[in-house]
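Presented below is the structure to which this report refers.
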Amino acid sequence: MIGFTLVFALTVVALSAVAVVAVQLAGGALRRRGAHAERRAVELAAVLPVALGGALVTSLVVHGYIGEDHCGVHDHHAHLCVAHGGAWAQVPWIVAMVAATAAALLARLAILVSQHARTARAVAALRRVSAAVGGVRVVDSPRAFCFVAGVWRPEIYASTAAWQGLADDERAAVLAHERGHVAHHDLRRRLGVEMLLAFAAPLLGALLVRRWARATERLRDHDAVAVVGDPDPVARAMVRLCRLDREAATPGFAFAARGDELAERVEALLAGEPTGVRAARVLGVALAIVALGAVALIASQAEPLHHALETLLG
Amino acid sequence: MVRVRTFENATQVLGELEQRLMDLLWDEQPLSVREVKARLPRTRLAYTTVMTTLDRLYKKGLLARSKHGLAFVYQPAMTRGEYQRRVVQAALSPLLAHGSGPVLAAFVDVAAGADAENLDRLENLISIHRRKRRGEPR
């Protein structure tokens, strides 16, 4: 079991690093193709390493059951097989590596869960003091904000300052944007991406999550334009909300500095950035073919792969 | 003498009974434990349950209390409006500080970074775009 766990962990960590670097390097090109394509690339970079790691281990396990018994042939290293998996537990550096990888993964998942719980607690408190108005939970606050919260039962929250400060068409644009998040289960999807990227190196994983979030916001901006029929109120609403909130914000109670994101979104809207639906589909099909090819290769080469890994690790 | 503790954890959601007692005391104050219990006629709450809950609210900083004879009388440490404002502020602080967390997707999480100059430039860009669409001169 320890041997298989190590193979899985090393494969996923290595492939995740490659995938993250590839997406970061192709970032500019992906952005030009559209938000859908950029988001799909991040999702594939999160899913494929885990899927391929799983395929490799499955293939090794299956090979252990149906392949020829080689255990008596060579005994100079621990065997990567179902019957003698326990031998790996006697190799100190392997045990240490598996423990370190598991600890790092568990720590990242624990941080994610605690972040999730803290936000959920704050949202529950906000919900108690909000009033439901036409599908939106309105909170009496001088801060200008509008967001969707809740992974399983997402709801739209808006402040009175935002609602009163926006023009009618801007309000409709904000609502359409947030309803897009709800309709496409974006928060659930994000959680999935974050959990899968917990396998990647911490900083690299965070970069991809950020890229995914930015692409998703641009996608929902497109949804808003489709509903209100004009990019102008969507762009105006973004700038207006920022202005309103700058007036209300006090030092020590402000968002993180991400002014470039606002410019990026407004400029993408006004320039008529493509949504990238077709590019996302092409990318998905191409990478699915590559992944299937890799799985077929792993399955057909289980015997030499198995020996190579034994030699490499043992 | 009225003792008021600080209201430190506003995001802590009040339980159903706590909320009822707060509502009661916001409507009528000050009240002793016995008076609070008398105003909850349809419940079978024990005197000690009411006393413990009021004590908990006092420890959370939501109630103030003073001694009248042998018994404590309780009154809200803040108005209903002030309580709501504090809950909103305490709840928003971590939400906005973390930006788009895993259970939150903000329409814009950009305020601090978007300086006035940047906002002016973007507004100008939007207005040029609008005029261009309408075929008006710049």
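Residue numbering restarts at 1 in every chain; chains get A, B, ... in the order shown in the structure tokens, and ligands count up from 1 in that same order.
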Which residues, written as a PDB file with C-alpha atoms, in the first residue's frame, have at least one atom at most 12 Å from Trp26 of chain B, with only C-alpha atoms counted and residues fewer than 5 positions away on the same chain left out?
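Output file part.pdb is given in full below:
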ATOM      1  CA  GLN B  19     -32.660  35.769  20.217  1.00  0.00           C
ATOM      2  CA  ARG B  20     -36.095  35.620  21.936  1.00  0.00           C
ATOM      3  CA  LEU B  21     -34.720  36.977  25.175  1.00  0.00           C
ATOM      4  CA  LEU B  31     -36.166  42.966  33.616  1.00  0.00           C
ATOM      5  CA  VAL B  36     -38.388  37.543  31.851  1.00  0.00           C
ATOM      6  CA  LEU B  62     -25.053  41.820  24.656  1.00  0.00           C
ATOM      7  CA  LEU B  63     -26.691  42.522  28.026  1.00  0.00           C
ATOM      8  CA  TYR B  74     -30.885  42.876  32.820  1.00  0.00           C
ATOM      9  CA  GLN B  75     -31.038  45.382  29.977  1.00  0.00           C
ATOM     10  CA  PRO B  76     -29.572  45.368  26.455  1.00  0.00           C
ATOM     11  CA  ALA B  77     -26.049  46.757  26.249  1.00  0.00           C
ATOM     12  CA  MET B  78     -26.911  48.223  22.862  1.00  0.00           C
ATOM     13  CA  THR B  79     -29.943  49.042  20.755  1.00  0.00           C
ATOM     14  CA  ARG B  80     -31.284  46.575  18.217  1.00  0.00           C
ATOM     15  CA  GLY B  81     -29.964  48.797  15.415  1.00  0.00           C
ATOM     16  CA  GLU B  82     -26.500  49.041  16.980  1.00  0.00           C
ATOM     17  CA  TYR B  83     -26.434  45.259  17.431  1.00  0.00           C
TER      18      TYR B  83
END
Taking only C-alpha atoms into account, report as a ChimeraX atom specification which residues of chain A lie within 8 Å of chain B.
/A:112,115-116,119-126,128-129,139-141,145-151,174,177-178,181,187,190-191,217,232,235-236,238-239,241-243,245-246,253-263,266,270
Given the selection you just returned, output its residues as a file containing C-alpha atoms, formatted as a PDB file, in the first residue's frame.
ATOM      1  CA  LEU A 112      -9.277  25.068   3.020  1.00  0.00           C
ATOM      2  CA  GLN A 115     -11.339  29.024   5.601  1.00  0.00           C
ATOM      3  CA  HIS A 116     -14.626  27.567   4.411  1.00  0.00           C
ATOM      4  CA  THR A 119     -16.597  32.268   5.852  1.00  0.00           C
ATOM      5  CA  ALA A 120     -19.716  30.166   6.370  1.00  0.00           C
ATOM      6  CA  ARG A 121     -19.986  31.413   9.975  1.00  0.00           C
ATOM      7  CA  ALA A 122     -19.664  35.037   8.894  1.00  0.00           C
ATOM      8  CA  VAL A 123     -22.229  34.548   6.131  1.00  0.00           C
ATOM      9  CA  ALA A 124     -24.657  32.890   8.566  1.00  0.00           C
ATOM     10  CA  ALA A 125     -24.368  35.927  10.853  1.00  0.00           C
ATOM     11  CA  LEU A 126     -24.920  38.259   7.913  1.00  0.00           C
ATOM     12  CA  ARG A 128     -29.564  36.749  10.231  1.00  0.00           C
ATOM     13  CA  VAL A 129     -29.475  40.532   9.875  1.00  0.00           C
ATOM     14  CA  VAL A 139     -27.769  43.963   4.275  1.00  0.00           C
ATOM     15  CA  ASP A 140     -27.913  47.413   5.813  1.00  0.00           C
ATOM     16  CA  SER A 141     -24.316  48.614   5.448  1.00  0.00           C
ATOM     17  CA  PHE A 145     -20.699  45.141  -1.955  1.00  0.00           C
ATOM     18  CA  CYS A 146     -22.505  42.417  -3.791  1.00  0.00           C
ATOM     19  CA  PHE A 147     -21.516  38.768  -3.680  1.00  0.00           C
ATOM     20  CA  VAL A 148     -22.750  35.208  -3.827  1.00  0.00           C
ATOM     21  CA  ALA A 149     -22.064  33.041  -0.797  1.00  0.00           C
ATOM     22  CA  GLY A 150     -22.776  29.414   0.020  1.00  0.00           C
ATOM     23  CA  VAL A 151     -21.361  26.353  -1.709  1.00  0.00           C
ATOM     24  CA  VAL A 174     -24.874  43.111 -11.145  1.00  0.00           C
ATOM     25  CA  HIS A 177     -23.652  38.536 -13.067  1.00  0.00           C
ATOM     26  CA  GLU A 178     -24.360  37.058  -9.637  1.00  0.00           C
ATOM     27  CA  HIS A 181     -22.539  32.337 -10.507  1.00  0.00           C
ATOM     28  CA  LEU A 187     -18.596  28.105  -5.918  1.00  0.00           C
ATOM     29  CA  ARG A 190     -14.104  26.378  -7.369  1.00  0.00           C
ATOM     30  CA  LEU A 191     -14.018  24.220  -4.266  1.00  0.00           C
ATOM     31  CA  GLU A 217     -15.602  36.615 -13.247  1.00  0.00           C
ATOM     32  CA  ASP A 232     -21.828  49.543 -20.870  1.00  0.00           C
ATOM     33  CA  ALA A 235     -18.621  48.053 -16.881  1.00  0.00           C
ATOM     34  CA  ARG A 236     -20.205  51.108 -15.249  1.00  0.00           C
ATOM     35  CA  MET A 238     -18.023  47.681 -11.607  1.00  0.00           C
ATOM     36  CA  VAL A 239     -16.454  51.127 -11.547  1.00  0.00           C
ATOM     37  CA  LEU A 241     -19.234  49.917  -6.912  1.00  0.00           C
ATOM     38  CA  CYS A 242     -15.518  50.516  -6.467  1.00  0.00           C
ATOM     39  CA  ARG A 243     -16.054  54.245  -6.165  1.00  0.00           C
ATOM     40  CA  ASP A 245     -16.832  51.443  -1.578  1.00  0.00           C
ATOM     41  CA  ARG A 246     -13.750  53.665  -1.640  1.00  0.00           C
ATOM     42  CA  PHE A 253     -11.263  47.350   6.617  1.00  0.00           C
ATOM     43  CA  ALA A 254     -10.681  47.065   2.918  1.00  0.00           C
ATOM     44  CA  PHE A 255     -10.325  44.530   0.131  1.00  0.00           C
ATOM     45  CA  ALA A 256      -6.954  43.271  -0.996  1.00  0.00           C
ATOM     46  CA  ALA A 257      -5.310  45.426  -3.665  1.00  0.00           C
ATOM     47  CA  ARG A 258      -6.446  44.109  -6.996  1.00  0.00           C
ATOM     48  CA  GLY A 259      -7.006  47.211  -9.103  1.00  0.00           C
ATOM     49  CA  ASP A 260      -5.510  45.504 -12.151  1.00  0.00           C
ATOM     50  CA  GLU A 261      -8.379  43.002 -12.120  1.00  0.00           C
ATOM     51  CA  LEU A 262     -10.936  45.747 -12.470  1.00  0.00           C
ATOM     52  CA  ALA A 263      -9.078  47.245 -15.446  1.00  0.00           C
ATOM     53  CA  VAL A 266     -13.605  46.487 -17.942  1.00  0.00           C
ATOM     54  CA  LEU A 270     -15.399  46.944 -23.887  1.00  0.00           C
TER      55      LEU A 270
END
Which residue gives the smallest distance to Ser130 of chain A among A:Glu303, A:Leu312, A:Tyr157, A:Arg278, with only C-alpha atoms counted?
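Among A:Glu303, A:Leu312, A:Tyr157, A:Arg278, it is A:Tyr157 that comes nearest to Ser130 of chain A.
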DSSP on the backbone: what in segment 13-129 of chain B comes out helix (DSSP H, G or I), as a PyMOL selection string?
chain B and resi 16-27+33-38+47-59+80-97+116-129
Tell me, as a PyMOL selection string, which residues lie within 12 Å of Glu273 of chain A, counting only C-alpha atoms; anything in the same chain fewer than 4 positions away does not count.
chain A and resi 30-37+215+218-219+221-222+225+231+264-269+277
Expected file contents, prior selection, N, CA and C atoms, as an mmCIF file, in the first residue's frame:
data_model
loop_
_atom_site.group_PDB
_atom_site.id
_atom_site.type_symbol
_atom_site.label_atom_id
_atom_site.label_comp_id
_atom_site.auth_asym_id
_atom_site.auth_seq_id
_atom_site.Cartn_x
_atom_site.Cartn_y
_atom_site.Cartn_z
ATOM 1 N N LEU A 30 -4.155 31.776 -23.789
ATOM 2 C CA LEU A 30 -5.463 31.294 -23.307
ATOM 3 C C LEU A 30 -6.410 32.473 -23.111
ATOM 4 N N ARG A 31 -5.891 33.561 -22.558
ATOM 5 C CA ARG A 31 -6.725 34.756 -22.320
ATOM 6 C C ARG A 31 -7.283 35.284 -23.623
ATOM 7 N N ARG A 32 -6.416 35.283 -24.662
ATOM 8 C CA ARG A 32 -6.879 35.793 -25.966
ATOM 9 C C ARG A 32 -7.967 34.902 -26.550
ATOM 10 N N ARG A 33 -7.904 33.604 -26.230
ATOM 11 C CA ARG A 33 -8.929 32.673 -26.749
ATOM 12 C C ARG A 33 -10.273 32.882 -26.053
ATOM 13 N N GLY A 34 -10.248 33.433 -24.851
ATOM 14 C CA GLY A 34 -11.506 33.689 -24.135
ATOM 15 C C GLY A 34 -11.538 33.049 -22.756
ATOM 16 N N ALA A 35 -12.445 33.579 -21.916
ATOM 17 C CA ALA A 35 -12.506 33.166 -20.510
ATOM 18 C C ALA A 35 -12.836 31.675 -20.345
ATOM 19 N N HIS A 36 -13.713 31.167 -21.236
ATOM 20 C CA HIS A 36 -14.085 29.743 -21.158
ATOM 21 C C HIS A 36 -12.853 28.869 -21.317
ATOM 22 N N ALA A 37 -12.037 29.201 -22.336
ATOM 23 C CA ALA A 37 -10.845 28.400 -22.626
ATOM 24 C C ALA A 37 -9.865 28.464 -21.462
ATOM 25 N N ALA A 215 -10.954 34.304 -14.605
ATOM 26 C CA ALA A 215 -11.626 33.880 -15.847
ATOM 27 C C ALA A 215 -13.120 33.717 -15.587
ATOM 28 N N ARG A 218 -14.889 37.031 -15.551
ATOM 29 C CA ARG A 218 -15.082 37.569 -16.912
ATOM 30 C C ARG A 218 -16.214 36.824 -17.625
ATOM 31 N N LEU A 219 -16.316 35.512 -17.351
ATOM 32 C CA LEU A 219 -17.418 34.734 -17.945
ATOM 33 C C LEU A 219 -18.772 35.254 -17.470
ATOM 34 N N ASP A 221 -19.367 38.205 -16.404
ATOM 35 C CA ASP A 221 -19.579 39.524 -17.014
ATOM 36 C C ASP A 221 -20.242 39.338 -18.385
ATOM 37 N N HIS A 222 -19.779 38.331 -19.116
ATOM 38 C CA HIS A 222 -20.383 38.030 -20.416
ATOM 39 C C HIS A 222 -21.862 37.673 -20.240
ATOM 40 N N VAL A 225 -23.807 40.761 -19.733
ATOM 41 C CA VAL A 225 -23.987 41.495 -20.998
ATOM 42 C C VAL A 225 -25.100 40.835 -21.816
ATOM 43 N N PRO A 231 -22.630 46.007 -22.943
ATOM 44 C CA PRO A 231 -21.533 45.918 -21.963
ATOM 45 C C PRO A 231 -21.412 47.161 -21.082
ATOM 46 N N GLU A 264 -8.680 44.947 -16.068
ATOM 47 C CA GLU A 264 -8.696 43.788 -16.974
ATOM 48 C C GLU A 264 -10.126 43.459 -17.398
ATOM 49 N N ARG A 265 -11.046 43.464 -16.423
ATOM 50 C CA ARG A 265 -12.428 43.083 -16.729
ATOM 51 C C ARG A 265 -13.137 44.140 -17.559
ATOM 52 N N VAL A 266 -12.932 45.415 -17.195
ATOM 53 C CA VAL A 266 -13.605 46.487 -17.942
ATOM 54 C C VAL A 266 -13.087 46.508 -19.381
ATOM 55 N N GLU A 267 -11.766 46.406 -19.533
ATOM 56 C CA GLU A 267 -11.189 46.450 -20.875
ATOM 57 C C GLU A 267 -11.630 45.244 -21.708
ATOM 58 N N ALA A 268 -11.704 44.065 -21.071
ATOM 59 C CA ALA A 268 -12.146 42.863 -21.800
ATOM 60 C C ALA A 268 -13.582 43.033 -22.279
ATOM 61 N N LEU A 269 -14.418 43.624 -21.422
ATOM 62 C CA LEU A 269 -15.830 43.831 -21.785
ATOM 63 C C LEU A 269 -15.962 44.780 -22.962
ATOM 64 N N VAL A 277 -15.972 29.660 -26.016
ATOM 65 C CA VAL A 277 -16.675 28.379 -25.853
ATOM 66 C C VAL A 277 -16.068 27.320 -26.773
#
